[in-house]
Amino acid sequence: METLTLKERAAHISEAANRLSDELARTGFPEPSFELGLPPPLSNDAPETPALRSKLELLQMVDELRSLLTDPTLQLTSQMRNPALSVHPIIRLGIAENFPPEGTTVQDLASKLHLPESLVGRLLSHSATYHIYHESSPGYFVHTAASRALSENDGMRQYHMVGLEETLPATCKTASALVQDPLSEEPESCGWSIQNDTELSLFKALANMPDRANTFAEAMRWQSTLPGFSHHHLTEVFPWGSSEQQLTVVDVGGGVGQVSQALLDHSPDVKCIVQDYPEVVSRGQDSLPAKYKPRITFQSHDFFKEQPIKGADIYLLRMILHDWSDKYAIKIIQALVPALKPGAKVVINDRVIPAWHQAHYLVEREARDSDMYMLAFQNARERTAQEWSALLKRADGRFQLTRVHQPPRSVLAVVEVTWDG
Ligand SMILES: C[S@@+](CC[C@H](N)C(=O)[O-])C[C@H]1O[C@@H](n2cnc3c(N)ncnc32)[C@H](O)[C@@H]1O
C-alpha cells in the first residue's frame with residue numbers, strides 16, 4: 001500500500017501542477033477550464049509530451065488522495081457508478097462475507113466458496129482498483145477498510161444490495177419514464193415501475209415482496225446509523241421553537257418508532273404517537289422497549305387521510321415528503337390541516353438542496369443525486385428551501401415556514417413550519 005504522508009502527497013501534486021502550468025505557459029497554451037475544456041497538448045490523443053505526462057500523474061495522485069480521504073462506506077458507493085460493478089457479485093457470491101480477516105490467496109477463497117478461481121481473481125482485482133481489497137503479493141489479497149466494513153456489517157451489505165439491485169436499475173429506466181410523460185407526478189409511472197414491470201408504486205409493490213421489503217428495511221435501518229442521518233441532529237434542535245415542556249408529538253409515517261424513541265431519550269416529558277401502516281405499527285408495538293411504553297403509543301393511519309389526532313403541539317414528517325411528488329406531498333400536508341391548533345408546528349426533517357452557490361458543488365451533488373433517486377423511485381423529489389416554502393403555500397396559505405435549520409454535519413435539515421390558522 002502507498003505510505004506517503006498527506007504532506008508528501010500535497011508536495012508531489014504541487015510539483016506536478018507547477019510543472020504542467022509552466023509547460024503550458026512556455027508553449028503558449030491556456031490552462032484547462034470547464035468552459036473551454038483541455039488545451040490540445042492535454043487531450044487524450046495528444047502526442048506524448050512532458051505536459052501530458054504531468055497531467056496523467058496529477059490525475060492519478062488526485063484520485064488516490066480523494067480515495068484516501070473518502071469514508072470507506074462511500075468508497076463502495078463510488079463503485080456503484082461504474083458499470084463493471086464487481087462489488088455486486090462480490091456481495092452476492094458470498095465473497096464479502098467469507099473473506100478471511102487475515103487475507104487469502106485467490107485459490108483458497110475460490111475453493112472454500114466452490115467458485116471458479118479465475119472469476120474470484122477477476123472480481124477481487126477489479127475491486128482493488130477502487131481500494132476495496134488490496135493485492136499485497138501476486139494472487140494474495142488482504143482487506144482494506146472498505147472491504148473489512150463490508151465483511152463485518154450485514155446492514156451495509158443490504159444497503160449496497162438496494163443500491164445495486166433497486167436504485168441503479170431504476171435510475172437507468174428514468175429516461176424511459178420521462179419519454180412517456182416528462183411531467184408525471186404519479187408514483188407508479190417512474191423508472192422503478194418500468195424496471196419492475198409493475199403498475200404498482202414502490203411502497204405498494206413491496207408489500208407483496210417480503211424479501212425485497214426486508215432488504216429495503218434493513219438498508220434503511222443501517223443508513224440511519226450513519227452519522228449524517230443520526231437522530232441527534234433532529235433532537236438537538238428540539239423543541240423546535242416551542243417553550244412548552246409537556247409536548248405531544250405526532251410522528252407521521254414514523255415507522256417502528258425509532259425517531260420517537262430518540263426524542264424521548266432527549267426530552268423525557270414528551271409524549272409521542274407514532275402513525276404508520278398497520279403492519280409497520282404492529283412491528284413497532286412488538287419491538288418497543290418497556291421504558292418507552294408509558295409515553296409512546298402507536299396508531300394505524302394512512303397519512304393521505306384526515307389526521308385523527310387533533311390539537312397536538314407538533315406533527316413530525318421525517319423522511320416522508322421527499323418520497324412524494326408535489327401533488328401527493330400537498331395531499332399529505334393538507335390532511336393535517338383539520339387537526340391543527342393555532343401555533344401548532346409541522347416539522348419536516350428532510351434534505352434541503354442548497355441554494356445557488358450556497359454550498360460546494362459536491363455537497364449540492366449529494367443532494368441532487370438523491371433527487372434523481374427519488375425521481376426514479378416514485379416520481380418524487382428533494383427540494384430547495386424555496387421549493388419547500390412554495391409547496392407549503394400551495395398546500396395552504398396559513399402555513400408559515402418559520403425556520404430552516406441545517407445542522408452542520410447532518411444530511412437532513414429541520415424545516416420548522418408554524419400553523420397560522
Ligand atoms: C422513509 S420511511 C421514514 C420512517 C421514519 N419517519 C424515519 O424517519 O425513520 C417512510 C415511512 O412512511 C410509511 N408510509 C408510506 N406510505 C404511508 C401512508 N400512506 N400512510 C402512513 N405511512 C406511510 C412507510 O411505511 C415508512 O415507515
# chains A, B, ... in the order shown; residues from 1 in each chain; ligands from 1
>>> residues_near_ligand(ligand="ligand 1", cutoff="10 Å", atoms="only C-alpha atoms and all ligand atoms", output="number ranges by chain")
A: 202-204, 207, 216-217, 220-221, 223-224, 229, 231, 251-260, 274-281, 299-305, 316-324, 332, 348-350
>>> write_last_selection(atoms="C-alpha atoms", output="compact mmCIF listing (two decimals), in the first residue's frame")
# COMPACT_ATOMS: atom_id res chain seq x y z
CA LEU A 202 -42.78 1.10 -4.93
CA PHE A 203 -44.41 1.05 -1.47
CA LYS A 204 -47.45 -0.92 -2.65
CA ALA A 207 -45.95 -5.01 0.35
CA PHE A 216 -35.10 -2.31 1.98
CA ALA A 217 -35.99 -2.06 5.66
CA MET A 220 -32.80 1.98 5.74
CA ARG A 221 -32.12 0.85 9.30
CA GLN A 223 -28.50 4.11 6.81
CA SER A 224 -29.99 5.64 9.95
CA PHE A 229 -28.57 10.54 9.47
CA HIS A 231 -31.39 11.26 15.15
CA ASP A 251 -44.73 11.11 14.33
CA VAL A 252 -46.49 10.80 10.97
CA GLY A 253 -45.17 7.83 8.94
CA GLY A 254 -42.92 7.20 11.94
CA GLY A 255 -42.07 3.59 11.01
CA VAL A 256 -41.34 1.44 14.03
CA GLY A 257 -40.87 4.50 16.22
CA GLN A 258 -37.08 4.88 16.32
CA VAL A 259 -37.20 8.66 15.99
CA SER A 260 -39.81 8.95 18.72
CA VAL A 274 -46.35 7.02 16.02
CA GLN A 275 -48.52 6.54 12.95
CA ASP A 276 -47.85 4.20 10.03
CA TYR A 277 -49.34 1.29 8.06
CA PRO A 278 -50.93 -1.40 10.30
CA GLU A 279 -48.18 -3.98 9.66
CA VAL A 280 -45.44 -1.45 10.48
CA VAL A 281 -47.32 -0.30 13.58
CA GLN A 299 -51.75 4.16 15.70
CA SER A 300 -52.54 2.76 12.25
CA HIS A 301 -53.11 5.70 9.98
CA ASP A 302 -52.86 6.37 6.24
CA PHE A 303 -51.28 9.81 6.01
CA PHE A 304 -53.37 10.69 2.97
CA LYS A 305 -56.46 10.59 5.19
CA LEU A 316 -43.31 15.46 12.59
CA LEU A 317 -42.72 14.34 9.00
CA ARG A 318 -39.29 12.72 8.90
CA MET A 319 -38.15 11.44 5.51
CA ILE A 320 -41.74 11.34 4.30
CA LEU A 321 -42.37 14.17 1.85
CA HIS A 322 -39.26 13.52 -0.28
CA ASP A 323 -40.86 10.20 -1.20
CA TRP A 324 -43.68 12.03 -3.00
CA ILE A 332 -50.18 14.73 2.96
CA ILE A 348 -40.21 18.45 8.18
CA ASN A 349 -36.97 16.53 8.58
CA ASP A 350 -35.74 16.04 5.02
>>> select_by_dssp(residues="range 21-217 of chain A", states="strand (DSSP E or B)", output="ChimeraX atom specification")
/A:33,37,104-105,134-137,140-142
>>> write_last_selection(atoms="N, CA and C atoms", output="PDB file, in the first residue's frame")
ATOM      1  N   SER A  33      -9.993  24.753 -18.582  1.00  0.00           N
ATOM      2  CA  SER A  33     -11.134  25.384 -17.900  1.00  0.00           C
ATOM      3  C   SER A  33     -12.380  24.574 -18.244  1.00  0.00           C
ATOM      4  N   GLY A  37     -12.518  23.522 -21.896  1.00  0.00           N
ATOM      5  CA  GLY A  37     -12.007  22.154 -21.883  1.00  0.00           C
ATOM      6  C   GLY A  37     -10.491  22.131 -21.834  1.00  0.00           C
ATOM      7  N   THR A 104      -6.157 -13.749   2.086  1.00  0.00           N
ATOM      8  CA  THR A 104      -6.283 -15.081   1.485  1.00  0.00           C
ATOM      9  C   THR A 104      -5.672 -15.108   0.087  1.00  0.00           C
ATOM     10  N   THR A 105      -5.304 -16.319  -0.316  1.00  0.00           N
ATOM     11  CA  THR A 105      -4.981 -16.487  -1.731  1.00  0.00           C
ATOM     12  C   THR A 105      -6.311 -16.629  -2.479  1.00  0.00           C
ATOM     13  N   HIS A 134      -6.945  -5.339  -1.363  1.00  0.00           N
ATOM     14  CA  HIS A 134      -5.623  -4.917  -1.826  1.00  0.00           C
ATOM     15  C   HIS A 134      -4.816  -6.174  -2.135  1.00  0.00           C
ATOM     16  N   GLU A 135      -4.185  -6.189  -3.302  1.00  0.00           N
ATOM     17  CA  GLU A 135      -3.374  -7.360  -3.667  1.00  0.00           C
ATOM     18  C   GLU A 135      -1.962  -7.124  -3.128  1.00  0.00           C
ATOM     19  N   SER A 136      -1.649  -7.758  -1.995  1.00  0.00           N
ATOM     20  CA  SER A 136      -0.371  -7.447  -1.330  1.00  0.00           C
ATOM     21  C   SER A 136       0.794  -8.189  -1.965  1.00  0.00           C
ATOM     22  N   SER A 137       0.536  -9.349  -2.564  1.00  0.00           N
ATOM     23  CA  SER A 137       1.538 -10.023  -3.400  1.00  0.00           C
ATOM     24  C   SER A 137       0.738 -10.784  -4.458  1.00  0.00           C
ATOM     25  N   TYR A 140      -2.494 -12.853  -3.804  1.00  0.00           N
ATOM     26  CA  TYR A 140      -2.829 -12.825  -2.372  1.00  0.00           C
ATOM     27  C   TYR A 140      -3.482 -11.480  -2.042  1.00  0.00           C
ATOM     28  N   PHE A 141      -4.726 -11.540  -1.526  1.00  0.00           N
ATOM     29  CA  PHE A 141      -5.474 -10.308  -1.246  1.00  0.00           C
ATOM     30  C   PHE A 141      -5.672 -10.121   0.253  1.00  0.00           C
ATOM     31  N   VAL A 142      -5.621  -8.860   0.678  1.00  0.00           N
ATOM     32  CA  VAL A 142      -5.911  -8.526   2.079  1.00  0.00           C
ATOM     33  C   VAL A 142      -7.017  -7.470   2.088  1.00  0.00           C
TER      34      VAL A 142
END
>>> residues_around(residues="Tyr315 in chain A", least_positions_apart="2", cutoff="6 Å", atoms="only C-alpha atoms", output="PyMOL selection string")
chain A and resi 249-250+346
>>> residues_around(residues="range 384-396 of chain A", least_positions_apart="6", cutoff="7 Å", atoms="only C-alpha atoms", output="PyMOL selection string")
chain A and resi 326+330+333-334+352-355
>>> atom_distance(atom1="CA of Leu52 in chain A", atom2="CA of Leu20 in chain A")
8.1 Å
>>> residues_around(residues="His160 in chain A", least_positions_apart="4", cutoff="8 Å", atoms="only C-alpha atoms", output="count of residues only")
5
>>> atom_distance(atom1="CA of Arg283 in chain A", atom2="CA of His232 in chain A")
23.3 Å
>>> closest_residue(among="A:Tyr328, A:Tyr130, A:Tyr361, A:Trp419", to="Thr70 in chain A", atoms="only C-alpha atoms")
A:Tyr130
>>> residues_around(residues="Asp154 in chain A", least_positions_apart="5", cutoff="12 Å", atoms="only C-alpha atoms", output="mmCIF file with N, CA and C atoms, in the first residue's frame")
data_model
loop_
_atom_site.group_PDB
_atom_site.id
_atom_site.type_symbol
_atom_site.label_atom_id
_atom_site.label_comp_id
_atom_site.auth_asym_id
_atom_site.auth_seq_id
_atom_site.Cartn_x
_atom_site.Cartn_y
_atom_site.Cartn_z
ATOM 1 N N ILE A 91 -20.652 -9.329 -3.253
ATOM 2 C CA ILE A 91 -21.625 -9.492 -2.160
ATOM 3 C C ILE A 91 -22.493 -10.715 -2.427
ATOM 4 N N GLY A 94 -21.073 -14.230 -1.876
ATOM 5 C CA GLY A 94 -20.614 -14.540 -0.515
ATOM 6 C C GLY A 94 -19.139 -14.247 -0.287
ATOM 7 N N ALA A 96 -17.698 -11.296 0.044
ATOM 8 C CA ALA A 96 -17.545 -10.252 1.072
ATOM 9 C C ALA A 96 -17.675 -10.854 2.469
ATOM 10 N N GLU A 97 -18.703 -11.664 2.633
ATOM 11 C CA GLU A 97 -18.995 -12.235 3.958
ATOM 12 C C GLU A 97 -17.899 -13.201 4.417
ATOM 13 N N ASN A 98 -17.320 -13.937 3.455
ATOM 14 C CA ASN A 98 -16.409 -15.033 3.816
ATOM 15 C C ASN A 98 -14.943 -14.717 3.633
ATOM 16 N N ARG A 148 -13.270 -4.494 4.734
ATOM 17 C CA ARG A 148 -13.468 -5.008 6.098
ATOM 18 C C ARG A 148 -14.856 -4.626 6.596
ATOM 19 N N ALA A 149 -15.239 -3.372 6.361
ATOM 20 C CA ALA A 149 -16.570 -2.924 6.790
ATOM 21 C C ALA A 149 -17.653 -3.745 6.096
ATOM 22 N N TYR A 159 -27.582 -2.564 2.349
ATOM 23 C CA TYR A 159 -27.669 -1.200 1.817
ATOM 24 C C TYR A 159 -27.125 -1.165 0.377
ATOM 25 N N HIS A 160 -26.002 -1.843 0.173
ATOM 26 C CA HIS A 160 -25.428 -1.848 -1.174
ATOM 27 C C HIS A 160 -26.249 -2.693 -2.127
ATOM 28 N N MET A 161 -26.892 -3.739 -1.598
ATOM 29 C CA MET A 161 -27.774 -4.534 -2.462
ATOM 30 C C MET A 161 -28.941 -3.677 -2.962
ATOM 31 N N THR A 215 -35.082 -6.416 2.765
ATOM 32 C CA THR A 215 -33.761 -5.860 2.410
ATOM 33 C C THR A 215 -33.814 -4.335 2.469
ATOM 34 N N GLU A 218 -33.885 -3.226 6.114
ATOM 35 C CA GLU A 218 -32.562 -3.368 6.745
ATOM 36 C C GLU A 218 -31.609 -2.281 6.252
ATOM 37 N N ALA A 219 -31.697 -2.005 4.936
ATOM 38 C CA ALA A 219 -30.823 -0.975 4.359
ATOM 39 C C ALA A 219 -31.124 0.383 4.992
ATOM 40 N N ARG A 221 -32.507 0.889 7.884
ATOM 41 C CA ARG A 221 -32.118 0.849 9.300
ATOM 42 C C ARG A 221 -30.609 1.128 9.414
ATOM 43 N N TRP A 222 -29.825 0.512 8.506
ATOM 44 C CA TRP A 222 -28.383 0.727 8.555
ATOM 45 C C TRP A 222 -28.049 2.192 8.200
ATOM 46 N N GLN A 223 -28.764 2.721 7.200
ATOM 47 C CA GLN A 223 -28.496 4.113 6.812
ATOM 48 C C GLN A 223 -28.687 5.056 8.007
#
>>> residues_around(residues="range 115-124 of chain A", least_positions_apart="3", cutoff="7 Å", atoms="only C-alpha atoms", output="PyMOL selection string")
chain A and resi 86+90+106-107+110-111+127-128+133
>>> write_last_selection(atoms="C-alpha atoms", output="short mmCIF file (atom, residue, chain, number, x, y, z; two decimals), in the first residue's frame")
data_model
loop_
_atom_site.label_atom_id
_atom_site.label_comp_id
_atom_site.auth_asym_id
_atom_site.auth_seq_id
_atom_site.Cartn_x
_atom_site.Cartn_y
_atom_site.Cartn_z
CA SER A 86 -17.52 -6.13 -9.21
CA ILE A 90 -18.67 -9.97 -4.52
CA VAL A 106 -7.47 -16.42 -4.58
CA GLN A 107 -7.11 -20.20 -4.79
CA ALA A 110 -12.33 -19.90 -4.52
CA SER A 111 -12.12 -23.44 -3.22
CA SER A 127 -12.33 -4.12 -6.75
CA ALA A 128 -8.72 -3.49 -5.74
CA TYR A 133 -9.33 -5.22 -1.17
#
>>> closest_residue(among="A:Phe238, A:Val87, A:Leu38, A:Val404", to="Gly163 in chain A", atoms="only C-alpha atoms")
A:Val87
>>> closest_residue(among="A:Leu226, A:His126, A:Arg381, A:Gly284", to="Glu186 in chain A", atoms="only C-alpha atoms")
A:Arg381
>>> select_by_dssp(residues="range 180-246 of chain A", states="helix (DSSP H, G or I)", output="NGL selection string")
:A and (180 or 191-195 or 202-206 or 210-223 or 227-229 or 232-235)
>>> decode(residues="range 44-83 of chain A", atoms="N, CA and C atoms", output="CSV table (one decimal), in the first residue's frame")
chain,number,residue,atom,x,y,z
A,44,ASN,N,-6.7,13.6,-25.0
A,44,ASN,CA,-6.3,12.2,-24.9
A,44,ASN,C,-5.5,11.7,-26.1
A,45,ASP,N,-5.7,12.3,-27.3
A,45,ASP,CA,-5.0,11.8,-28.5
A,45,ASP,C,-3.7,12.6,-28.7
A,46,ALA,N,-3.3,13.5,-27.8
A,46,ALA,CA,-2.1,14.3,-28.0
A,46,ALA,C,-0.9,13.4,-27.9
A,47,PRO,N,0.2,13.8,-28.7
A,47,PRO,CA,1.4,13.1,-28.6
A,47,PRO,C,2.0,13.2,-27.2
A,48,GLU,N,2.8,12.2,-26.9
A,48,GLU,CA,3.4,12.1,-25.5
A,48,GLU,C,4.4,13.3,-25.4
A,49,THR,N,4.1,14.2,-24.4
A,49,THR,CA,4.9,15.3,-24.1
A,49,THR,C,5.1,15.4,-22.5
A,50,PRO,N,6.0,16.2,-22.0
A,50,PRO,CA,6.1,16.4,-20.6
A,50,PRO,C,4.8,16.9,-20.0
A,51,ALA,N,4.1,17.8,-20.7
A,51,ALA,CA,2.8,18.3,-20.2
A,51,ALA,C,1.8,17.2,-20.0
A,52,LEU,N,1.7,16.3,-21.1
A,52,LEU,CA,0.7,15.2,-21.0
A,52,LEU,C,1.1,14.3,-19.8
A,53,ARG,N,2.4,14.0,-19.7
A,53,ARG,CA,2.8,13.1,-18.6
A,53,ARG,C,2.4,13.7,-17.2
A,54,SER,N,2.6,15.0,-17.1
A,54,SER,CA,2.3,15.7,-15.8
A,54,SER,C,0.8,15.6,-15.6
A,55,LYS,N,0.0,15.8,-16.6
A,55,LYS,CA,-1.5,15.7,-16.4
A,55,LYS,C,-1.8,14.3,-15.9
A,56,LEU,N,-1.3,13.2,-16.5
A,56,LEU,CA,-1.7,11.9,-16.1
A,56,LEU,C,-1.2,11.6,-14.6
A,57,GLU,N,-0.1,12.1,-14.3
A,57,GLU,CA,0.5,12.0,-13.0
A,57,GLU,C,-0.5,12.7,-12.0
A,58,LEU,N,-0.9,13.9,-12.3
A,58,LEU,CA,-1.8,14.6,-11.4
A,58,LEU,C,-3.1,13.9,-11.2
A,59,LEU,N,-3.7,13.4,-12.3
A,59,LEU,CA,-5.0,12.7,-12.2
A,59,LEU,C,-4.8,11.5,-11.3
A,60,GLN,N,-3.7,10.8,-11.4
A,60,GLN,CA,-3.6,9.6,-10.6
A,60,GLN,C,-3.4,10.0,-9.1
A,61,MET,N,-2.6,11.0,-8.9
A,61,MET,CA,-2.3,11.4,-7.5
A,61,MET,C,-3.6,12.0,-6.8
A,62,VAL,N,-4.3,12.7,-7.6
A,62,VAL,CA,-5.5,13.4,-7.0
A,62,VAL,C,-6.6,12.3,-6.7
A,63,ASP,N,-6.7,11.3,-7.6
A,63,ASP,CA,-7.7,10.3,-7.4
A,63,ASP,C,-7.3,9.5,-6.1
A,64,GLU,N,-6.0,9.2,-6.0
A,64,GLU,CA,-5.6,8.4,-4.8
A,64,GLU,C,-5.9,9.2,-3.5
A,65,LEU,N,-5.6,10.5,-3.6
A,65,LEU,CA,-5.8,11.4,-2.4
A,65,LEU,C,-7.3,11.4,-2.1
A,66,ARG,N,-8.1,11.5,-3.1
A,66,ARG,CA,-9.5,11.6,-2.9
A,66,ARG,C,-10.0,10.3,-2.3
A,67,SER,N,-9.5,9.1,-2.8
A,67,SER,CA,-10.0,7.8,-2.2
A,67,SER,C,-9.5,7.7,-0.8
A,68,LEU,N,-8.3,8.2,-0.6
A,68,LEU,CA,-7.7,8.1,0.8
A,68,LEU,C,-8.6,8.8,1.8
A,69,LEU,N,-9.1,10.0,1.4
A,69,LEU,CA,-9.9,10.8,2.3
A,69,LEU,C,-11.4,10.5,2.3
A,70,THR,N,-11.8,9.5,1.5
A,70,THR,CA,-13.2,9.2,1.4
A,70,THR,C,-13.5,8.1,2.5
A,71,ASP,N,-14.7,8.3,3.1
A,71,ASP,CA,-15.2,7.3,4.1
A,71,ASP,C,-15.3,6.0,3.4
A,72,PRO,N,-14.8,4.9,4.0
A,72,PRO,CA,-14.9,3.6,3.3
A,72,PRO,C,-16.3,3.2,2.8
A,73,THR,N,-17.3,3.7,3.5
A,73,THR,CA,-18.7,3.4,3.0
A,73,THR,C,-18.9,4.0,1.6
A,74,LEU,N,-18.4,5.3,1.5
A,74,LEU,CA,-18.6,6.0,0.2
A,74,LEU,C,-17.7,5.4,-0.8
A,75,GLN,N,-16.6,4.9,-0.4
A,75,GLN,CA,-15.7,4.2,-1.4
A,75,GLN,C,-16.5,3.2,-2.2
A,76,LEU,N,-17.3,2.4,-1.4
A,76,LEU,CA,-18.1,1.4,-2.1
A,76,LEU,C,-19.2,2.1,-3.0
A,77,THR,N,-19.8,3.2,-2.5
A,77,THR,CA,-20.8,3.8,-3.3
A,77,THR,C,-20.3,4.3,-4.6
A,78,SER,N,-19.0,4.7,-4.6
A,78,SER,CA,-18.4,5.3,-5.9
A,78,SER,C,-18.4,4.2,-6.9
A,79,GLN,N,-18.3,2.9,-6.5
A,79,GLN,CA,-18.2,1.8,-7.5
A,79,GLN,C,-19.6,1.6,-8.1
A,80,MET,N,-20.6,2.0,-7.4
A,80,MET,CA,-22.0,1.8,-8.0
A,80,MET,C,-22.1,2.6,-9.3
A,81,ARG,N,-21.3,3.7,-9.4
A,81,ARG,CA,-21.5,4.4,-10.7
A,81,ARG,C,-20.6,3.9,-11.8
A,82,ASN,N,-19.9,2.8,-11.5
A,82,ASN,CA,-19.1,2.2,-12.5
A,82,ASN,C,-19.8,0.9,-13.1
A,83,PRO,N,-19.9,0.8,-14.4
A,83,PRO,CA,-20.7,-0.3,-14.9
A,83,PRO,C,-20.1,-1.6,-14.6
